[in-house]
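Quick notes on the structure that follows.
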Amino acid sequence: MAYTVSGVLHYRIASGEPGQKRALVRAAARMALEENASQVTREYLPRQLEEAQSALALKLSDWRQLDARWPIEIKARLVLRLEGEAAARAQAYEDALRDQQLHHELYESRVSYMRDKVLGDADTARAWWLERHREGHQLIAWDEFNTHILPFVGRAEDAQTNAMRTAHVLAQVVERLEDDPARHKLFVATARLLMKEMDWPDLAEGLTLAEQRKLQPEH
């Protein structure tokens, strides 16, 4: 960033050094001032003009030798300004920075809303999904909800959500077995045996009845 600078520069030959030509001393003093001022100002953003000004004041308020190549001591009082193209570039930078910060804050807000509100429990997630499709003319894509939303809903101790996830997995199993009668028969027999081992004879009987109804011809 190019600053417009005004102020007063003082310079002198360090004690014990032989005399130097005045023009040479002045040029060396200006060079040392520009190099050191540049080192300070490049550490600050355009909007930190006052901070850069204060840092320069601290560095240049007392006599000091700023360049080991020259036996010259300097001190200065400088005023920094942003003018013309530099001011326009600084404003454009600030506008772009604010725009990015706004986008970041909006993103963080959306993520927090999804995490803390929408995905907090299964009922809220389903209501949110229904609302998203409220004005649509297509069927509500519950398969898409089950695949992409449901896995992130609720917490580990949320029994309702865990039950929904389990039901979704089992529904996928049944769907995959539709075109594989041999595996379907094996799965049902295994599930029935497991239910009996778990001492759930009513569920095993319910599964048997469901399979029998499925095999009955339609009238």
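Convention: chains lettered A, B, ... in structure tokens order; per-chain residue numbering from 1; ligands numbered from 1 as shown.
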Name the residues of segment 5-200 of chain A that come out as alpha helix (DSSP H) in a backbone DSSP run; write them as a short mmCIF file (atom, residue, chain, number, x, y, z; two decimals) with N, CA, C and O atoms, in the first residue's frame.
```cif
data_model
loop_
_atom_site.label_atom_id
_atom_site.label_comp_id
_atom_site.auth_asym_id
_atom_site.auth_seq_id
_atom_site.Cartn_x
_atom_site.Cartn_y
_atom_site.Cartn_z
N ARG A 22 27.20 17.11 2.72
CA ARG A 22 25.82 17.33 3.18
C ARG A 22 24.80 16.61 2.31
O ARG A 22 23.87 15.98 2.82
N ALA A 23 24.98 16.66 1.00
CA ALA A 23 24.02 16.03 0.09
C ALA A 23 24.01 14.51 0.29
O ALA A 23 22.96 13.87 0.25
N LEU A 24 25.20 13.93 0.54
CA LEU A 24 25.29 12.50 0.76
C LEU A 24 24.61 12.10 2.06
O LEU A 24 23.90 11.09 2.13
N VAL A 25 24.83 12.91 3.10
CA VAL A 25 24.19 12.62 4.38
C VAL A 25 22.68 12.71 4.26
O VAL A 25 21.94 11.85 4.78
N ARG A 26 22.17 13.72 3.58
CA ARG A 26 20.73 13.89 3.42
C ARG A 26 20.12 12.72 2.65
O ARG A 26 19.07 12.18 3.02
N ALA A 27 20.79 12.28 1.58
CA ALA A 27 20.28 11.16 0.78
C ALA A 27 20.27 9.87 1.60
O ALA A 27 19.31 9.09 1.54
N ALA A 28 21.35 9.65 2.38
CA ALA A 28 21.41 8.44 3.21
C ALA A 28 20.33 8.47 4.29
O ALA A 28 19.72 7.44 4.61
N ALA A 29 20.06 9.65 4.86
CA ALA A 29 19.03 9.78 5.88
C ALA A 29 17.65 9.49 5.30
O ALA A 29 16.83 8.78 5.92
N ARG A 30 17.37 10.02 4.14
CA ARG A 30 16.08 9.77 3.49
C ARG A 30 15.91 8.28 3.16
O ARG A 30 14.83 7.71 3.34
N MET A 31 16.98 7.65 2.69
CA MET A 31 16.91 6.23 2.35
C MET A 31 16.63 5.39 3.59
O MET A 31 15.79 4.48 3.57
N ALA A 32 17.35 5.70 4.68
CA ALA A 32 17.14 4.95 5.92
C ALA A 32 15.72 5.15 6.43
O ALA A 32 15.06 4.21 6.91
N LEU A 33 15.20 6.37 6.33
CA LEU A 33 13.84 6.66 6.77
C LEU A 33 12.82 5.88 5.95
O LEU A 33 11.90 5.25 6.49
N GLU A 34 12.96 5.90 4.62
CA GLU A 34 12.00 5.21 3.76
C GLU A 34 12.00 3.71 3.99
O GLU A 34 10.95 3.08 4.06
N GLU A 35 13.21 3.13 4.13
CA GLU A 35 13.29 1.68 4.34
C GLU A 35 12.66 1.27 5.66
O GLU A 35 11.90 0.29 5.73
N ASN A 36 12.94 2.02 6.72
CA ASN A 36 12.41 1.66 8.03
C ASN A 36 10.92 1.95 8.14
O ASN A 36 10.18 1.18 8.77
N ALA A 37 10.48 3.05 7.54
CA ALA A 37 9.04 3.34 7.56
C ALA A 37 8.27 2.28 6.79
O ALA A 37 7.18 1.86 7.21
N SER A 38 8.82 1.82 5.68
CA SER A 38 8.17 0.79 4.88
C SER A 38 8.07 -0.52 5.67
O SER A 38 7.05 -1.22 5.60
N GLN A 39 9.09 -0.86 6.42
CA GLN A 39 9.05 -2.06 7.24
C GLN A 39 7.94 -2.01 8.28
O GLN A 39 7.33 -3.03 8.61
N VAL A 40 7.68 -0.82 8.78
CA VAL A 40 6.62 -0.65 9.77
C VAL A 40 5.25 -0.71 9.12
O VAL A 40 4.36 -1.47 9.55
N THR A 41 5.03 0.07 8.08
CA THR A 41 3.69 0.20 7.51
C THR A 41 3.20 -1.09 6.84
O THR A 41 2.00 -1.34 6.80
N LEU A 49 -4.62 2.61 9.71
CA LEU A 49 -3.77 3.78 9.46
C LEU A 49 -3.27 4.40 10.77
O LEU A 49 -2.10 4.76 10.90
N GLU A 50 -4.14 4.54 11.75
CA GLU A 50 -3.75 5.15 13.02
C GLU A 50 -2.72 4.29 13.75
O GLU A 50 -1.77 4.82 14.35
N GLU A 51 -2.88 2.96 13.69
CA GLU A 51 -1.91 2.08 14.33
C GLU A 51 -0.54 2.20 13.68
O GLU A 51 0.50 2.24 14.35
N ALA A 52 -0.53 2.27 12.34
CA ALA A 52 0.73 2.43 11.63
C ALA A 52 1.39 3.77 11.98
O ALA A 52 2.61 3.86 12.17
N GLN A 53 0.56 4.80 12.08
CA GLN A 53 1.05 6.13 12.45
C GLN A 53 1.69 6.08 13.84
O GLN A 53 2.78 6.63 14.06
N SER A 54 1.06 5.43 14.79
CA SER A 54 1.60 5.35 16.15
C SER A 54 2.89 4.56 16.18
O SER A 54 3.84 4.91 16.90
N ALA A 55 2.94 3.45 15.43
CA ALA A 55 4.16 2.65 15.39
C ALA A 55 5.34 3.45 14.82
O ALA A 55 6.48 3.35 15.32
N LEU A 56 5.07 4.23 13.80
CA LEU A 56 6.14 5.09 13.24
C LEU A 56 6.59 6.13 14.25
O LEU A 56 7.80 6.40 14.37
N ALA A 57 5.65 6.70 14.96
CA ALA A 57 6.02 7.72 15.95
C ALA A 57 6.92 7.13 17.02
O ALA A 57 7.90 7.76 17.44
N LEU A 58 6.61 5.91 17.49
CA LEU A 58 7.45 5.28 18.50
C LEU A 58 8.84 4.99 17.98
O LEU A 58 9.84 5.13 18.69
N LYS A 59 8.93 4.58 16.73
CA LYS A 59 10.22 4.20 16.16
C LYS A 59 11.10 5.41 15.84
O LYS A 59 12.32 5.34 15.95
N LEU A 60 10.47 6.53 15.48
CA LEU A 60 11.24 7.66 14.95
C LEU A 60 11.26 8.88 15.87
O LEU A 60 11.80 9.92 15.49
N GLY A 84 -5.98 9.34 -3.48
CA GLY A 84 -6.04 8.94 -4.88
C GLY A 84 -6.27 7.45 -5.07
O GLY A 84 -7.16 6.85 -4.46
N GLU A 85 -5.45 6.83 -5.93
CA GLU A 85 -5.61 5.41 -6.24
C GLU A 85 -5.39 4.54 -5.01
O GLU A 85 -6.03 3.50 -4.85
N ALA A 86 -4.47 4.95 -4.15
CA ALA A 86 -4.21 4.17 -2.94
C ALA A 86 -5.45 4.11 -2.06
O ALA A 86 -5.79 3.06 -1.52
N ALA A 87 -6.13 5.24 -1.92
CA ALA A 87 -7.36 5.26 -1.12
C ALA A 87 -8.45 4.41 -1.77
O ALA A 87 -9.19 3.70 -1.08
N ALA A 88 -8.55 4.47 -3.11
CA ALA A 88 -9.54 3.68 -3.82
C ALA A 88 -9.26 2.19 -3.66
O ALA A 88 -10.18 1.38 -3.44
N ARG A 89 -7.99 1.79 -3.78
CA ARG A 89 -7.64 0.38 -3.61
C ARG A 89 -7.91 -0.08 -2.17
O ARG A 89 -8.38 -1.20 -1.95
N ALA A 90 -7.60 0.78 -1.21
CA ALA A 90 -7.85 0.43 0.18
C ALA A 90 -9.34 0.24 0.44
O ALA A 90 -9.76 -0.69 1.14
N GLN A 91 -10.17 1.13 -0.15
CA GLN A 91 -11.62 1.01 0.03
C GLN A 91 -12.14 -0.26 -0.63
O GLN A 91 -13.01 -0.96 -0.07
N ALA A 92 -11.62 -0.57 -1.83
CA ALA A 92 -12.05 -1.79 -2.52
C ALA A 92 -11.66 -3.03 -1.71
O ALA A 92 -12.43 -3.99 -1.63
N TYR A 93 -10.49 -2.99 -1.11
CA TYR A 93 -10.05 -4.11 -0.27
C TYR A 93 -10.97 -4.27 0.94
O TYR A 93 -11.38 -5.39 1.29
N GLU A 94 -11.30 -3.16 1.59
CA GLU A 94 -12.17 -3.21 2.75
C GLU A 94 -13.56 -3.72 2.38
O GLU A 94 -14.17 -4.49 3.12
N ASP A 95 -14.07 -3.27 1.21
CA ASP A 95 -15.39 -3.73 0.76
C ASP A 95 -15.37 -5.23 0.51
O ASP A 95 -16.31 -5.95 0.89
N ALA A 96 -14.31 -5.72 -0.15
CA ALA A 96 -14.20 -7.15 -0.42
C ALA A 96 -14.07 -7.95 0.87
O ALA A 96 -14.65 -9.03 1.02
N LEU A 97 -13.31 -7.39 1.82
CA LEU A 97 -13.12 -8.08 3.10
C LEU A 97 -14.44 -8.17 3.85
O LEU A 97 -14.79 -9.23 4.41
N ARG A 98 -15.20 -7.08 3.89
CA ARG A 98 -16.50 -7.10 4.57
C ARG A 98 -17.45 -8.08 3.89
O ARG A 98 -18.22 -8.78 4.56
N ASP A 99 -17.40 -8.14 2.54
CA ASP A 99 -18.26 -9.06 1.81
C ASP A 99 -17.93 -10.50 2.17
O ASP A 99 -18.84 -11.32 2.41
N GLN A 100 -16.65 -10.83 2.25
CA GLN A 100 -16.25 -12.19 2.62
C GLN A 100 -16.63 -12.50 4.06
O GLN A 100 -17.07 -13.62 4.37
N GLN A 101 -16.47 -11.53 4.94
CA GLN A 101 -16.85 -11.74 6.34
C GLN A 101 -18.35 -11.98 6.46
O GLN A 101 -18.80 -12.82 7.25
N LEU A 102 -19.13 -11.25 5.68
CA LEU A 102 -20.59 -11.42 5.70
C LEU A 102 -20.96 -12.82 5.21
O LEU A 102 -21.80 -13.50 5.83
N HIS A 103 -20.34 -13.25 4.10
CA HIS A 103 -20.62 -14.59 3.59
C HIS A 103 -20.24 -15.65 4.63
O HIS A 103 -20.97 -16.64 4.81
N HIS A 104 -19.12 -15.44 5.31
CA HIS A 104 -18.67 -16.40 6.32
C HIS A 104 -19.65 -16.44 7.49
O HIS A 104 -20.01 -17.53 7.98
N GLU A 105 -20.11 -15.28 7.93
CA GLU A 105 -21.05 -15.23 9.05
C GLU A 105 -22.39 -15.87 8.68
O GLU A 105 -23.00 -16.58 9.50
N LEU A 106 -22.85 -15.63 7.44
CA LEU A 106 -24.09 -16.26 6.99
C LEU A 106 -23.95 -17.77 6.92
O LEU A 106 -24.86 -18.52 7.30
N TYR A 107 -22.79 -18.22 6.44
CA TYR A 107 -22.54 -19.66 6.37
C TYR A 107 -22.54 -20.27 7.78
O TYR A 107 -23.16 -21.31 8.02
N GLU A 108 -21.83 -19.61 8.71
CA GLU A 108 -21.79 -20.11 10.08
C GLU A 108 -23.19 -20.13 10.69
O GLU A 108 -23.54 -21.06 11.44
N SER A 109 -23.99 -19.13 10.37
CA SER A 109 -25.35 -19.08 10.90
C SER A 109 -26.19 -20.24 10.35
O SER A 109 -26.94 -20.88 11.10
N ARG A 110 -26.05 -20.51 9.04
CA ARG A 110 -26.80 -21.63 8.46
C ARG A 110 -26.37 -22.96 9.06
O ARG A 110 -27.21 -23.83 9.36
N VAL A 111 -25.06 -23.14 9.23
CA VAL A 111 -24.56 -24.38 9.80
C VAL A 111 -25.07 -24.56 11.23
O VAL A 111 -25.50 -25.65 11.62
N SER A 112 -25.02 -23.48 12.01
CA SER A 112 -25.49 -23.56 13.40
C SER A 112 -26.99 -23.87 13.44
O SER A 112 -27.44 -24.66 14.28
N TYR A 113 -27.76 -23.25 12.56
CA TYR A 113 -29.19 -23.50 12.52
C TYR A 113 -29.48 -24.96 12.17
O TYR A 113 -30.32 -25.61 12.81
N MET A 114 -28.78 -25.48 11.16
CA MET A 114 -28.97 -26.87 10.78
C MET A 114 -28.58 -27.80 11.91
O MET A 114 -29.29 -28.76 12.23
N ARG A 115 -27.43 -27.54 12.53
CA ARG A 115 -26.93 -28.44 13.58
C ARG A 115 -27.80 -28.39 14.83
O ARG A 115 -28.15 -29.44 15.39
N ASP A 116 -28.14 -27.19 15.29
CA ASP A 116 -28.80 -27.03 16.58
C ASP A 116 -30.32 -27.13 16.50
O ASP A 116 -30.96 -27.50 17.49
N ALA A 122 -35.73 -35.91 15.22
CA ALA A 122 -36.34 -36.44 14.00
C ALA A 122 -37.58 -35.66 13.59
O ALA A 122 -37.81 -35.40 12.40
N ASP A 123 -38.42 -35.27 14.55
CA ASP A 123 -39.66 -34.55 14.22
C ASP A 123 -39.35 -33.21 13.55
O ASP A 123 -39.99 -32.84 12.55
N THR A 124 -38.39 -32.47 14.10
CA THR A 124 -38.03 -31.18 13.51
C THR A 124 -37.46 -31.36 12.12
O THR A 124 -37.75 -30.59 11.20
N ALA A 125 -36.64 -32.39 11.94
CA ALA A 125 -36.04 -32.65 10.63
C ALA A 125 -37.11 -32.97 9.59
O ALA A 125 -37.07 -32.48 8.45
N ARG A 126 -38.09 -33.78 9.96
CA ARG A 126 -39.17 -34.12 9.01
C ARG A 126 -40.00 -32.88 8.69
O ARG A 126 -40.40 -32.68 7.53
N ALA A 127 -40.29 -32.06 9.70
CA ALA A 127 -41.06 -30.84 9.46
C ALA A 127 -40.30 -29.89 8.53
O ALA A 127 -40.89 -29.27 7.63
N TRP A 128 -39.00 -29.78 8.73
CA TRP A 128 -38.17 -28.94 7.86
C TRP A 128 -38.20 -29.46 6.43
O TRP A 128 -38.30 -28.69 5.48
N TRP A 129 -38.13 -30.78 6.26
CA TRP A 129 -38.14 -31.37 4.93
C TRP A 129 -39.49 -31.15 4.24
O TRP A 129 -39.56 -30.84 3.04
N LEU A 130 -40.57 -31.29 5.00
CA LEU A 130 -41.90 -31.02 4.45
C LEU A 130 -42.04 -29.57 4.01
O LEU A 130 -42.61 -29.27 2.96
N GLU A 131 -41.52 -28.65 4.84
CA GLU A 131 -41.61 -27.23 4.51
C GLU A 131 -40.84 -26.90 3.24
O GLU A 131 -41.28 -26.08 2.43
N ARG A 132 -39.70 -27.54 3.05
CA ARG A 132 -38.90 -27.31 1.83
C ARG A 132 -39.66 -27.74 0.58
O ARG A 132 -39.44 -27.18 -0.50
N TRP A 142 -38.85 -38.84 0.17
CA TRP A 142 -38.45 -39.36 1.48
C TRP A 142 -37.22 -40.24 1.38
O TRP A 142 -36.45 -40.36 2.35
N ASP A 143 -37.02 -40.90 0.24
CA ASP A 143 -35.79 -41.69 0.07
C ASP A 143 -34.56 -40.79 0.16
O ASP A 143 -33.55 -41.16 0.77
N GLU A 144 -34.66 -39.62 -0.44
CA GLU A 144 -33.55 -38.67 -0.38
C GLU A 144 -33.33 -38.19 1.06
O GLU A 144 -32.19 -38.05 1.53
N ALA A 159 -33.57 -42.03 20.94
CA ALA A 159 -34.14 -43.33 20.60
C ALA A 159 -34.99 -43.28 19.33
O ALA A 159 -34.96 -44.19 18.51
N GLN A 160 -35.75 -42.19 19.18
CA GLN A 160 -36.64 -42.09 18.02
C GLN A 160 -35.83 -42.06 16.72
O GLN A 160 -36.15 -42.77 15.76
N THR A 161 -34.80 -41.24 16.69
CA THR A 161 -33.99 -41.14 15.49
C THR A 161 -33.26 -42.44 15.20
O THR A 161 -33.16 -42.88 14.05
N ASN A 162 -32.74 -43.08 16.24
CA ASN A 162 -32.06 -44.36 16.04
C ASN A 162 -33.02 -45.40 15.49
O ASN A 162 -32.65 -46.22 14.64
N ALA A 163 -34.27 -45.38 15.97
CA ALA A 163 -35.27 -46.30 15.44
C ALA A 163 -35.55 -46.02 13.97
O ALA A 163 -35.70 -46.95 13.16
N MET A 164 -35.61 -44.75 13.61
CA MET A 164 -35.84 -44.39 12.21
C MET A 164 -34.69 -44.86 11.33
O MET A 164 -34.90 -45.38 10.23
N ARG A 165 -33.46 -44.69 11.81
CA ARG A 165 -32.31 -45.14 11.04
C ARG A 165 -32.37 -46.66 10.84
O ARG A 165 -32.11 -47.17 9.75
N THR A 166 -32.68 -47.38 11.91
CA THR A 166 -32.76 -48.84 11.82
C THR A 166 -33.84 -49.26 10.84
O THR A 166 -33.64 -50.16 10.01
N ALA A 167 -35.00 -48.60 10.91
CA ALA A 167 -36.10 -48.93 10.00
C ALA A 167 -35.70 -48.67 8.55
O ALA A 167 -36.04 -49.44 7.65
N HIS A 168 -34.96 -47.59 8.32
CA HIS A 168 -34.53 -47.26 6.97
C HIS A 168 -33.58 -48.33 6.44
O HIS A 168 -33.68 -48.76 5.28
N VAL A 169 -32.64 -48.76 7.29
CA VAL A 169 -31.70 -49.81 6.86
C VAL A 169 -32.44 -51.09 6.54
O VAL A 169 -32.19 -51.75 5.51
N LEU A 170 -33.38 -51.48 7.41
CA LEU A 170 -34.13 -52.71 7.16
C LEU A 170 -34.98 -52.60 5.89
O LEU A 170 -35.13 -53.59 5.15
N ALA A 171 -35.54 -51.43 5.65
CA ALA A 171 -36.31 -51.24 4.42
C ALA A 171 -35.42 -51.41 3.19
O ALA A 171 -35.85 -51.99 2.17
N GLN A 172 -34.20 -50.92 3.26
CA GLN A 172 -33.26 -51.10 2.14
C GLN A 172 -32.91 -52.58 1.95
O GLN A 172 -32.77 -53.05 0.82
N VAL A 173 -32.78 -53.30 3.07
CA VAL A 173 -32.48 -54.74 2.99
C VAL A 173 -33.61 -55.46 2.26
O VAL A 173 -33.39 -56.26 1.33
N VAL A 174 -34.84 -55.19 2.68
CA VAL A 174 -36.00 -55.84 2.06
C VAL A 174 -36.08 -55.49 0.58
O VAL A 174 -36.37 -56.35 -0.28
N GLU A 175 -35.81 -54.24 0.24
CA GLU A 175 -35.86 -53.83 -1.16
C GLU A 175 -34.82 -54.57 -1.99
O GLU A 175 -35.10 -55.00 -3.12
N ARG A 176 -33.63 -54.73 -1.46
CA ARG A 176 -32.58 -55.43 -2.20
C ARG A 176 -32.89 -56.92 -2.36
O ARG A 176 -32.47 -57.55 -3.33
N LEU A 177 -33.63 -57.48 -1.38
CA LEU A 177 -33.94 -58.90 -1.43
C LEU A 177 -35.10 -59.22 -2.36
O LEU A 177 -35.37 -60.40 -2.64
N PRO A 181 -34.85 -64.17 -4.62
CA PRO A 181 -35.71 -65.02 -3.77
C PRO A 181 -34.93 -65.92 -2.82
O PRO A 181 -35.35 -66.13 -1.68
N ALA A 182 -33.78 -66.43 -3.27
CA ALA A 182 -33.01 -67.34 -2.43
C ALA A 182 -32.50 -66.61 -1.19
O ALA A 182 -32.63 -67.10 -0.06
N ARG A 183 -31.91 -65.45 -1.40
CA ARG A 183 -31.42 -64.67 -0.26
C ARG A 183 -32.57 -64.17 0.61
O ARG A 183 -32.43 -64.07 1.83
N HIS A 184 -33.68 -63.83 -0.03
CA HIS A 184 -34.84 -63.38 0.74
C HIS A 184 -35.31 -64.47 1.70
O HIS A 184 -35.58 -64.21 2.88
N LYS A 185 -35.39 -65.69 1.20
CA LYS A 185 -35.82 -66.81 2.03
C LYS A 185 -34.82 -67.04 3.17
O LYS A 185 -35.22 -67.28 4.32
N LEU A 186 -33.50 -66.95 2.85
CA LEU A 186 -32.48 -67.14 3.88
C LEU A 186 -32.56 -66.05 4.94
O LEU A 186 -32.45 -66.32 6.15
N PHE A 187 -32.78 -64.80 4.51
CA PHE A 187 -32.85 -63.68 5.44
C PHE A 187 -34.04 -63.84 6.39
O PHE A 187 -33.93 -63.66 7.60
N VAL A 188 -35.19 -64.20 5.83
CA VAL A 188 -36.39 -64.36 6.66
C VAL A 188 -36.20 -65.49 7.67
O VAL A 188 -36.56 -65.36 8.85
N ALA A 189 -35.62 -66.61 7.22
CA ALA A 189 -35.40 -67.74 8.13
C ALA A 189 -34.43 -67.35 9.24
O ALA A 189 -34.64 -67.70 10.41
N THR A 190 -33.39 -66.62 8.88
CA THR A 190 -32.41 -66.19 9.88
C THR A 190 -33.03 -65.21 10.87
O THR A 190 -32.81 -65.30 12.08
N ALA A 191 -33.83 -64.26 10.36
CA ALA A 191 -34.48 -63.28 11.22
C ALA A 191 -35.46 -63.96 12.16
O ALA A 191 -35.55 -63.63 13.35
N ARG A 192 -36.21 -64.98 11.64
CA ARG A 192 -37.17 -65.69 12.49
C ARG A 192 -36.45 -66.44 13.60
O ARG A 192 -36.88 -66.43 14.77
N LEU A 193 -35.33 -67.08 13.26
CA LEU A 193 -34.55 -67.81 14.27
C LEU A 193 -33.99 -66.86 15.32
O LEU A 193 -34.02 -67.16 16.52
N LEU A 194 -33.51 -65.71 14.87
CA LEU A 194 -32.96 -64.72 15.80
C LEU A 194 -34.03 -64.22 16.76
O LEU A 194 -33.79 -64.06 17.96
N MET A 195 -35.22 -63.98 16.25
CA MET A 195 -36.31 -63.49 17.11
C MET A 195 -36.69 -64.52 18.16
O MET A 195 -37.00 -64.19 19.31
N LYS A 196 -36.67 -65.83 17.76
CA LYS A 196 -36.96 -66.87 18.73
C LYS A 196 -35.87 -66.94 19.79
O LYS A 196 -36.16 -67.14 20.98
N GLU A 197 -34.59 -66.78 19.36
CA GLU A 197 -33.48 -66.80 20.31
C GLU A 197 -33.56 -65.62 21.28
O GLU A 197 -33.16 -65.72 22.44
#
```
Would you mind listing what lies within 6 Å of Val79 of chain A as JSON, numbers by chain, with only C-alpha atoms counted and same-chain residues fewer than 4 positions away left out? {"A": [5, 6, 7]}
Using all heavy atoms, can you write the selected residues to a file as a compact mmCIF listing (two decimals), in the first residue's frame?
```
# COMPACT_ATOMS: atom_id res chain seq x y z
N VAL A 5 3.01 10.76 2.45
CA VAL A 5 3.69 11.07 3.70
C VAL A 5 4.11 12.54 3.71
O VAL A 5 4.63 13.06 2.72
CB VAL A 5 4.94 10.18 3.90
CG1 VAL A 5 5.60 10.47 5.24
CG2 VAL A 5 4.57 8.71 3.78
N SER A 6 3.86 13.17 4.83
CA SER A 6 4.38 14.52 5.05
C SER A 6 4.95 14.58 6.46
O SER A 6 4.61 13.77 7.31
CB SER A 6 3.27 15.57 4.87
OG SER A 6 2.22 15.35 5.81
N GLY A 7 5.84 15.54 6.70
CA GLY A 7 6.42 15.65 8.03
C GLY A 7 7.80 16.28 8.00
O GLY A 7 8.20 16.91 7.00
```
If you measure from atom CA of Arg47 of chain A to atom CA of Ala76 of chain A, what distance in Å do you get, rounded to one decimal?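 Rounded to one decimal, the two atoms are 22.9 Å apart.
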For Arg42 of chain A, which of A:Trp63, A:Tyr11, A:Trp70, A:Tyr3 is the closest residue, counting only C-alpha atoms?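 Counting only C-alpha atoms, the residue closest to Arg42 of chain A is A:Tyr3.
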Among the residues A:Arg81, A:His10, A:Arg69, A:Lys75, the one that comes closest to Gln48 of chain A [using only C-alpha atoms]: A:Arg81
Within 8 Å of Arg12 of chain A using only C-alpha atoms, minus same-chain residues under 3 positions, as a list in words: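 These residues fall inside the cut-off: Val25, Ile72, Glu73 and Ile74 of chain A.
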From segment 59-160 of chain A, collect each residue whose DSSP state is strand (DSSP E or B) and return the set as a list in words.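 The strand (DSSP E or B) subset of segment 59-160 of chain A is Arg64, Ile72, Glu73, Ile74, Lys75, Ala76, Arg77, Leu78, Val79, Leu80 and Arg81 of chain A.
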